[in-house]
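The structure appears right after this line, and notes come after that.
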Number of protein chains: 2
Amino acid sequence: MAITLRDIALEAGVDPATASRALTGNYGVRAATREKVLAVAARLKYIPNKVARGLATGQSRTLGLVVSDIRNPFFSEVARGAEDAAYKAGYDLLLCNTDLNPSKQIHYFRSLLAKRVDGIIMNSVATLDRSFQEELGRCDVPVVLLNRPSGTSGLSTVTADNFEGGWIAGSYLIRLGHRVIGQLTGPSAHRNFSERSKGFLKASQAACGKVTSIVIRGDYNSQGGYEMMKELLTGHNDVTAVFACNDVVAFGAIRAVLERGLRVPDDVSIIGFDDVEMASLIRPPLTTIHQPKYEVGQAAVDILLRHAEHPNSRSPERRILGVKLIERESCRAL
Amino acid sequence: MAITLRDIALEAGVDPATASRALTGNYGVRAATREKVLAVAARLKYIPNKVARGLATGQSRTLGLVVSDIRNPFFSEVARGAEDAAYKAGYDLLLCNTDLNPSKQIHYFRSLLAKRVDGIIMNSVATLDRSFQEELGRCDVPVVLLNRPSGTSGLSTVTADNFEGGWIAGSYLIRLGHRVIGQLTGPSAHRNFSERSKGFLKASQAACGKVTSIVIRGDYNSQGGYEMMKELLTGHNDVTAVFACNDVVAFGAIRAVLERGLRVPDDVSIIGFDDVEMASLIRPPLTTIHQPKYEVGQAAVDILLRHAEHPNSRSPERRILGVKLIERESCRAL
DNA sequence: CTGAAAGCGCTAACAG
DNA sequence: CTGTTAGCGCTTTCAG
């Protein structure tokens with residue numbers, strides 16, 4: 001098998017413990033001894049067994065990232081931010097896709113605990129039952145959620161200011177003169193979406209009943225957007241604007257509009273949420289609410305690592321990141 | 001701390017060894033004993049320590065996935081395929097982003113070995129020096145590459161038929177009547193791209209010198225596509241068609257064309273490679289070469305697991321997946 | 001079928 | 001500064 005610490009200790013004529021100290025950079029080793037150990041290790045191409053180290057120290061230097069689907073560009077961006085932050089701190093990231101499937105979520109969660117990860121980033125436990133939410137809260141590894149859970153749990157969260165984003169989107173559309181607006185959104189239990197909706201609703205209300213909004217729910221991917229838009233279009237040919245719960249849904253919606261022989265924004269205005277890279281590349285360039293995705297991932301890892309290093313003061317932290325309107329060409333004034 | 005196997009053994013009145021056998025489903029335990037152990041484990045909400053198990057068995061049930069950037073939708077799709085296959089087999093996936101940075105690649109590779117992963121999927125070691133390629137080949141965990149390395153190494157690979165794809169793209173453009181064609185591609189050392197180029201070249205040659213092609217190299221993301229296209233447009237206003245080395249590059253290229261006040265496909269035809277989801281959603285829908293991305297990820301994991309289970313017969317395997325032309329609206333006949 | 005014993009490779013007191 | 005001694009929690013011979 002592979003070569004072990006004992007091997008290099010033997011070869012260097014020291015005790016394994018000393019070799020360990022030399023390799024891990026702990027103080028308490030004479031420079032000369034350390035050099036010798038390091039030299040032998042390099043010569044023998046020693047690769048420390050982190051599994052063994054993990055067992056001894058109780059730390060795996062691994063974080064779990066549980067998302068619904070990494071193919072959603074929002075999550076790829078979050079994942080990249082998280083991975084970069086983890087890399088800088090010497091941690092690795094375990095990637096899990098759940099499709100929001102409760103049994104997969106539970107499976108992954110338990111599996112991550114079994115692998116003794118030092119922290120878990122998780123998207124959407126909103127759809128989960130209370131008992132699992134409690135399990136999440138009770139466990140002794142730090143968890144940060146990428147969305148607010150429905151109940152009041154003591155978990156840390158990192159989210160964009162979804163309510164504010166919904167409000168901005170709604171106000172914008174109304175200011176442009178739209179009065180019949182469709183909302184294409186995800187499961188109502190998903191707090192990120194429901195808060196966007198609430199913000200949007202507040203904007204409608206501020207318009208004193210002059211605007212009516214039709215909400216359609218579905219999968220929050222492009223296929224879902226496509227289907228929701230088709231549904232909206234068949235039932236309501238008076239809608240002039242649409243608030244999509246995220247950009248990918250907006251992309252699907254645009255396709256549905258086009259297929260119907262209508263045009264964006266001439267016939268229907270569409271606003272998205274997230275500001276994924278493709279939003280600026282698509283035709284027409286998508287007007288959307290920008291949220292700092294990469295930073296969401298970074299922030300989540302920061303919190304996790306801070307909590308991991310100070311197991312005592314694990315007071316939950318809720319970080320809410322700012323959003324802003326990115327005005328491109330998918331919305332027009334009536 | 002957490003509750004251990006010993007705890008549940010004590011509670012069930014058996015030896016830890018027996019408890020272990022009961023929990024891992026190994027034969028050699030009376031049904032009644034197993035029931036008892038299982039019951040206690042459930043009651044105490046026992047979570048086995050896989051780190052300890054890993055140390056004892058030498059298996060981590062974890063695979064490493066090393067890509068250049070998960071934000072590239074090609075890789076998200078590959079990752080999803082890999083993750084689903086790993087999940088089915090009870091493995092987890094460690095995600096690493098290298099940006100093709102050699103030092104990051106080496107760092108991650110060593111780190112994965114240190115964590116004793118059971119296999120590694122790696123994208124692009126093409127840019128790496130020979131010594132690292134040998135290190136890859138020598139190590140005793142199975143490795144599958146997502147591209148052909150430049151030298152002849154004994155590593156397994158899973159790739160699309162890049163040459164064929166390039167050939168199809170070239171033939172198609174030429175058949176449409178294009179005679180001055182730009183190629184927007186990645187680093188020449190990256191075999192996936194160089195093979196696409198070679199296939200393209202073969203198609204040009206088949207046209208007996210009637211077509212001239214201009215190749216521009218850059219980053220293979222949308223920003224790179226944008227910049228390469230700008231460069232192409234300033235130097236060569238006679239190009240009527242462009243072969244982008246992947247869809248994301250094509251997206252950036254389209255943007256550059258549009259900004260220039262030209263139109264796709266009216267003024268310049270563009271063909272991509274990959275057939276990522278956005279290709280059908282963008283305007284104009286992108287004509288491209290489809291490759292089975294999800295299946296690439298699946299196949300890579302399949303090979304890894306097969307090799308992991310049979311450490312003896314580790315004969316390298318090269319799987320080449322088929323590609324096909326998806327004709328949409330970004331190319332026109334001259 | 002089950003218990004006892006040894007060990008996976010490393011770290012962490014504790015002496016010296 | 002360095003060696004000795006114990007484990008970390010699990011699996012796995014090997015006896016019984």
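Just so we're on the same page: first chain in the structure tokens is A, next is B, and so on; residues restart at 1 for each chain, and ligands are numbered from 1 in the order they show up.
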
Residue list for chain D near chain A as an MDAnalysis selection string, 8 Å, only C-alpha atoms (C1' of nucleotides) = chainID D and resid 1:3 8:9

Since we have the selection now, will you write its residues out, keeping C-alpha atoms (C1' of nucleotides), as a PDB file, in the first residue's frame?
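Full text of part.pdb as output:
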```pdb
ATOM      1  C1'  DC D   1      12.827  19.333  21.677  1.00  0.00           C
ATOM      2  C1'  DT D   2      11.551  14.424  21.227  1.00  0.00           C
ATOM      3  C1'  DG D   3       9.946   9.700  22.495  1.00  0.00           C
ATOM      4  C1'  DC D   8     -10.078   8.264  17.429  1.00  0.00           C
ATOM      5  C1'  DG D   9     -14.401   4.415  15.770  1.00  0.00           C
TER       6       DG D   9
END
```

Which of region 51-84 of chain A counts as alpha helix (DSSP H) under DSSP, as a PyMOL selection string please?
-> chain A and resi 51-57+73-84

Output file for the selection above: C-alpha atoms, as an mmCIF file, in the first residue's frame:
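Saved the output as part_35.cif:
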```
data_model
loop_
_atom_site.group_PDB
_atom_site.id
_atom_site.type_symbol
_atom_site.label_atom_id
_atom_site.label_comp_id
_atom_site.auth_asym_id
_atom_site.auth_seq_id
_atom_site.Cartn_x
_atom_site.Cartn_y
_atom_site.Cartn_z
ATOM 1 C CA VAL A 51 -8.804 9.938 6.705
ATOM 2 C CA ALA A 52 -6.600 8.829 9.557
ATOM 3 C CA ARG A 53 -5.937 12.400 10.505
ATOM 4 C CA GLY A 54 -9.635 13.079 10.427
ATOM 5 C CA LEU A 55 -10.316 10.214 12.766
ATOM 6 C CA ALA A 56 -7.670 11.430 15.159
ATOM 7 C CA THR A 57 -8.625 15.085 15.098
ATOM 8 C CA PRO A 73 -26.754 28.616 -13.156
ATOM 9 C CA PHE A 74 -27.665 30.296 -9.918
ATOM 10 C CA PHE A 75 -26.356 27.317 -8.010
ATOM 11 C CA SER A 76 -23.261 26.895 -10.157
ATOM 12 C CA GLU A 77 -22.353 30.429 -9.288
ATOM 13 C CA VAL A 78 -23.054 29.913 -5.595
ATOM 14 C CA ALA A 79 -21.077 26.692 -5.713
ATOM 15 C CA ARG A 80 -18.139 28.452 -7.299
ATOM 16 C CA GLY A 81 -18.160 31.153 -4.653
ATOM 17 C CA ALA A 82 -18.346 28.529 -1.936
ATOM 18 C CA GLU A 83 -15.645 26.409 -3.478
ATOM 19 C CA ASP A 84 -13.249 29.305 -3.859
#
```

Give me, as a Markdown table, the closest atom pair and its distance (Å, one decimal) for every residue of chain A within a cut-off of 6 Å of chain B, counting only C-alpha atoms, rows sorted by chain and rising number.
```
| residue | atom | partner | partner_atom | distance |
| --- | --- | --- | --- | --- |
| A:Ile47 | CA | B:Ala114 | CA | 5.8 |
| A:Pro48 | CA | B:Ala114 | CA | 5.6 |
| A:Asn49 | CA | B:Ala114 | CA | 5.0 |
| A:Lys50 | CA | B:Lys115 | CA | 5.0 |
| A:Val51 | CA | B:Lys115 | CA | 5.8 |
| A:Ala52 | CA | B:Leu55 | CA | 5.9 |
| A:Leu55 | CA | B:Ala52 | CA | 5.9 |
| A:Ile70 | CA | B:Ser76 | CA | 5.9 |
| A:Arg71 | CA | B:Ser76 | CA | 5.0 |
| A:Ser76 | CA | B:Arg71 | CA | 5.0 |
| A:Glu77 | CA | B:Arg71 | CA | 6.0 |
| A:Leu93 | CA | B:Leu94 | CA | 5.6 |
| A:Leu94 | CA | B:Leu94 | CA | 4.4 |
| A:Leu95 | CA | B:Leu93 | CA | 5.7 |
| A:Ala114 | CA | B:Asn49 | CA | 5.0 |
| A:Lys115 | CA | B:Lys50 | CA | 5.0 |
| A:Ile282 | CA | B:Ile282 | CA | 5.3 |
| A:Arg283 | CA | B:Arg283 | CA | 5.3 |
```

Identify all chain C residues at most 7 Å from chain B by counting only C-alpha atoms (C1' of nucleotides); ligands do not count. Present them as a VMD selection string.
-> chain C and resid 1 to 3 8

File dump, residues just selected, N, CA and C atoms (P, O5', C5', C4', C3', O3' and C1' of nucleotides), as a PDB file, in the first residue's frame:
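out_14.pdb, freshly written:
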```pdb
ATOM      1  P    DC C   1     -25.891 -17.879  11.047  1.00  0.00           P
ATOM      2  O5'  DC C   1     -25.360 -17.824  12.541  1.00  0.00           O
ATOM      3  C5'  DC C   1     -26.295 -17.638  13.600  1.00  0.00           C
ATOM      4  C4'  DC C   1     -25.528 -17.385  14.860  1.00  0.00           C
ATOM      5  C3'  DC C   1     -25.188 -15.905  15.110  1.00  0.00           C
ATOM      6  O3'  DC C   1     -25.593 -15.598  16.443  1.00  0.00           O
ATOM      7  C1'  DC C   1     -23.224 -17.231  15.307  1.00  0.00           C
ATOM      8  P    DT C   2     -25.682 -14.154  16.997  1.00  0.00           P
ATOM      9  O5'  DT C   2     -24.273 -13.976  17.684  1.00  0.00           O
ATOM     10  C5'  DT C   2     -24.104 -14.444  19.017  1.00  0.00           C
ATOM     11  C4'  DT C   2     -22.652 -14.361  19.379  1.00  0.00           C
ATOM     12  C3'  DT C   2     -22.115 -12.937  19.604  1.00  0.00           C
ATOM     13  O3'  DT C   2     -21.742 -12.849  20.955  1.00  0.00           O
ATOM     14  C1'  DT C   2     -20.562 -14.277  18.421  1.00  0.00           C
ATOM     15  P    DG C   3     -21.555 -11.411  21.644  1.00  0.00           P
ATOM     16  O5'  DG C   3     -20.048 -11.546  22.140  1.00  0.00           O
ATOM     17  C5'  DG C   3     -19.710 -12.637  22.992  1.00  0.00           C
ATOM     18  C4'  DG C   3     -18.208 -12.818  22.999  1.00  0.00           C
ATOM     19  C3'  DG C   3     -17.422 -11.552  23.319  1.00  0.00           C
ATOM     20  O3'  DG C   3     -16.450 -11.857  24.319  1.00  0.00           O
ATOM     21  C1'  DG C   3     -16.630 -12.522  21.291  1.00  0.00           C
ATOM     22  P    DC C   8      -1.757  -1.477  11.032  1.00  0.00           P
ATOM     23  O5'  DC C   8      -2.594  -0.664   9.954  1.00  0.00           O
ATOM     24  C5'  DC C   8      -3.528  -1.300   9.099  1.00  0.00           C
ATOM     25  C4'  DC C   8      -4.539  -0.256   8.663  1.00  0.00           C
ATOM     26  C3'  DC C   8      -3.961   1.148   8.662  1.00  0.00           C
ATOM     27  O3'  DC C   8      -3.646   1.505   7.313  1.00  0.00           O
ATOM     28  C1'  DC C   8      -6.096   1.056   9.838  1.00  0.00           C
TER      29       DC C   8
END
```

All residues 12 Å or closer to DT13 (chain D), only C-alpha atoms (C1' of nucleotides), same chain fewer than 3 positions away omitted, as a ChimeraX atom specification = /B:17 /C:4-7

Write the residues of the preceding selection, restricted to N, CA and C atoms (P, O5', C5', C4', C3', O3' and C1' of nucleotides), as a CSV table (one decimal), in the first residue's frame.
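File produced: part09.csv:
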```csv
chain,number,residue,atom,x,y,z
B,17,ALA,N,-18.1,-5.9,17.5
B,17,ALA,CA,-18.0,-6.6,16.2
B,17,ALA,C,-19.3,-7.1,15.7
C,4,DA,P,-15.6,-10.7,25.0
C,4,DA,O5',-14.1,-11.1,24.8
C,4,DA,C5',-13.8,-12.4,24.2
C,4,DA,C4',-12.3,-12.4,23.7
C,4,DA,C3',-11.5,-11.2,24.1
C,4,DA,O3',-10.2,-11.6,24.3
C,4,DA,C1',-11.7,-11.2,21.8
C,5,DA,P,-9.1,-10.5,24.7
C,5,DA,O5',-8.4,-10.2,23.2
C,5,DA,C5',-8.1,-11.3,22.4
C,5,DA,C4',-7.3,-10.8,21.2
C,5,DA,C3',-6.4,-9.6,21.5
C,5,DA,O3',-5.2,-9.7,20.8
C,5,DA,C1',-7.9,-9.0,19.9
C,6,DA,P,-3.9,-8.7,20.9
C,6,DA,O5',-3.7,-8.2,19.5
C,6,DA,C5',-4.0,-9.1,18.4
C,6,DA,C4',-4.1,-8.2,17.1
C,6,DA,C3',-3.2,-7.0,17.1
C,6,DA,O3',-2.6,-7.0,15.9
C,6,DA,C1',-5.5,-6.4,16.7
C,7,DG,P,-1.4,-5.9,15.7
C,7,DG,O5',-2.0,-4.9,14.6
C,7,DG,C5',-2.8,-5.5,13.5
C,7,DG,C4',-3.5,-4.3,12.9
C,7,DG,C3',-2.8,-3.0,12.8
C,7,DG,O3',-2.9,-2.5,11.5
C,7,DG,C1',-4.9,-2.7,13.7
```

Within region 150-266 of chain A, find each residue whose DSSP state, derived from the backbone, is strand (DSSP E or B), and express the selection as number ranges by chain.
-> A: 156-160, 180-185, 212-217, 241-244

Which residues come within 10 Å of Leu136 (chain A), counting only C-alpha atoms (C1' of nucleotides), excluding same-chain residues fewer than 2 positions away, as a list of chain:residue names?
-> A:Ile106, A:Phe109, A:Arg110, A:Ile120, A:Val125, A:Arg130, A:Ser131, A:Phe132, A:Gln133, A:Glu134, A:Arg138, A:Cys139, A:Asp140, A:Val141, A:Pro142, A:Val143, A:Val144, A:Ser153, A:Gly154, A:Leu155

Give me a file of those residues, with C-alpha atoms, as a PDB file, in the first residue's frame.
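This went into out-v1.pdb:
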```pdb
ATOM      1  CA  ILE A 106     -32.450  13.437   4.308  1.00  0.00           C
ATOM      2  CA  PHE A 109     -27.798  15.142   5.234  1.00  0.00           C
ATOM      3  CA  ARG A 110     -27.213  11.918   7.143  1.00  0.00           C
ATOM      4  CA  ILE A 120     -23.212  21.999   5.670  1.00  0.00           C
ATOM      5  CA  VAL A 125     -35.502  22.625   3.567  1.00  0.00           C
ATOM      6  CA  ARG A 130     -40.803  19.838  10.984  1.00  0.00           C
ATOM      7  CA  SER A 131     -39.037  16.795  12.389  1.00  0.00           C
ATOM      8  CA  PHE A 132     -36.266  17.017   9.851  1.00  0.00           C
ATOM      9  CA  GLN A 133     -35.914  20.721  10.394  1.00  0.00           C
ATOM     10  CA  GLU A 134     -35.401  19.987  14.033  1.00  0.00           C
ATOM     11  CA  ARG A 138     -30.089  19.871  16.738  1.00  0.00           C
ATOM     12  CA  CYS A 139     -27.097  18.367  15.005  1.00  0.00           C
ATOM     13  CA  ASP A 140     -23.724  19.464  16.187  1.00  0.00           C
ATOM     14  CA  VAL A 141     -22.239  20.521  12.900  1.00  0.00           C
ATOM     15  CA  PRO A 142     -22.900  24.057  11.756  1.00  0.00           C
ATOM     16  CA  VAL A 143     -25.512  24.422   9.041  1.00  0.00           C
ATOM     17  CA  VAL A 144     -26.249  27.414   6.906  1.00  0.00           C
ATOM     18  CA  SER A 153     -35.414  27.678  13.444  1.00  0.00           C
ATOM     19  CA  GLY A 154     -32.163  28.628  15.039  1.00  0.00           C
ATOM     20  CA  LEU A 155     -30.204  28.089  11.864  1.00  0.00           C
TER      21      LEU A 155
END
```

Asp7 (chain A) surroundings by only C-alpha atoms (C1' of nucleotides), 10 Å radius, close-in-sequence under 4 positions cut, as a ChimeraX atom specification | /A:2-3,11-13,16,19,40-41,44,46

Could the residues in this selection be saved with N, CA and C atoms as a PDB file, in the first residue's frame?
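out_23.pdb, freshly written:
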```
ATOM      1  N   ALA A   2       0.197   2.343   0.228  1.00  0.00           N
ATOM      2  CA  ALA A   2       0.858   3.648   0.221  1.00  0.00           C
ATOM      3  C   ALA A   2       1.842   3.761   1.378  1.00  0.00           C
ATOM      4  N   ILE A   3       2.672   4.747   1.310  1.00  0.00           N
ATOM      5  CA  ILE A   3       3.668   4.897   2.349  1.00  0.00           C
ATOM      6  C   ILE A   3       3.138   5.780   3.471  1.00  0.00           C
ATOM      7  N   GLU A  11      12.631   6.038   8.334  1.00  0.00           N
ATOM      8  CA  GLU A  11      13.656   6.451   7.387  1.00  0.00           C
ATOM      9  C   GLU A  11      14.435   7.665   7.893  1.00  0.00           C
ATOM     10  N   ALA A  12      13.722   8.564   8.590  1.00  0.00           N
ATOM     11  CA  ALA A  12      14.386   9.774   9.068  1.00  0.00           C
ATOM     12  C   ALA A  12      14.999   9.552  10.443  1.00  0.00           C
ATOM     13  N   GLY A  13      14.764   8.379  10.998  1.00  0.00           N
ATOM     14  CA  GLY A  13      15.326   8.066  12.301  1.00  0.00           C
ATOM     15  C   GLY A  13      14.712   8.846  13.444  1.00  0.00           C
ATOM     16  N   PRO A  16       7.378   8.617  15.020  1.00  0.00           N
ATOM     17  CA  PRO A  16       6.238   9.080  14.220  1.00  0.00           C
ATOM     18  C   PRO A  16       5.662  10.402  14.728  1.00  0.00           C
ATOM     19  N   ALA A  19       7.714  13.177  13.517  1.00  0.00           N
ATOM     20  CA  ALA A  19       7.482  13.351  12.086  1.00  0.00           C
ATOM     21  C   ALA A  19       6.167  14.088  11.866  1.00  0.00           C
ATOM     22  N   VAL A  40      12.896  13.629   3.646  1.00  0.00           N
ATOM     23  CA  VAL A  40      12.523  12.228   3.451  1.00  0.00           C
ATOM     24  C   VAL A  40      11.115  12.127   2.862  1.00  0.00           C
ATOM     25  N   ALA A  41      10.212  12.918   3.420  1.00  0.00           N
ATOM     26  CA  ALA A  41       8.828  12.886   2.948  1.00  0.00           C
ATOM     27  C   ALA A  41       8.773  13.223   1.466  1.00  0.00           C
ATOM     28  N   LEU A  44      10.276  10.383  -0.642  1.00  0.00           N
ATOM     29  CA  LEU A  44       9.418   9.205  -0.742  1.00  0.00           C
ATOM     30  C   LEU A  44       8.029   9.558  -1.294  1.00  0.00           C
ATOM     31  N   TYR A  46       5.644  11.243   0.021  1.00  0.00           N
ATOM     32  CA  TYR A  46       4.666  10.909   1.054  1.00  0.00           C
ATOM     33  C   TYR A  46       3.373  11.701   0.884  1.00  0.00           C
TER      34      TYR A  46
END
```

Neighbours of Tyr220 (chain B) within 9 Å (only C-alpha atoms (C1' of nucleotides); same-chain residues fewer than 4 positions away dropped), as a ChimeraX atom specification?
-> /B:184-187,224-225,245-246,248-249

Let me see the file: selected residues, C-alpha atoms, as a CSV table (one decimal), in the first residue's frame.
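Here's the written file out.csv:
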```
chain,number,residue,atom,x,y,z
B,184,LEU,CA,-13.0,30.6,-32.1
B,185,THR,CA,-11.2,28.1,-30.0
B,186,GLY,CA,-9.4,27.4,-26.7
B,187,PRO,CA,-5.8,26.6,-25.8
B,224,GLY,CA,-13.6,34.9,-24.3
B,225,GLY,CA,-16.0,34.3,-27.1
B,245,CYS,CA,-15.4,25.7,-29.9
B,246,ASN,CA,-18.3,25.5,-27.6
B,248,VAL,CA,-20.8,29.5,-24.4
B,249,VAL,CA,-18.1,30.9,-26.7
```

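Of the residues under consideration (B:Asn123, B:Thr159, B:Asn101, B:Ser20), B:Asn123 shows the shortest atom-to-atom contact distance to Val67 (chain B) when counting only C-alpha atoms.
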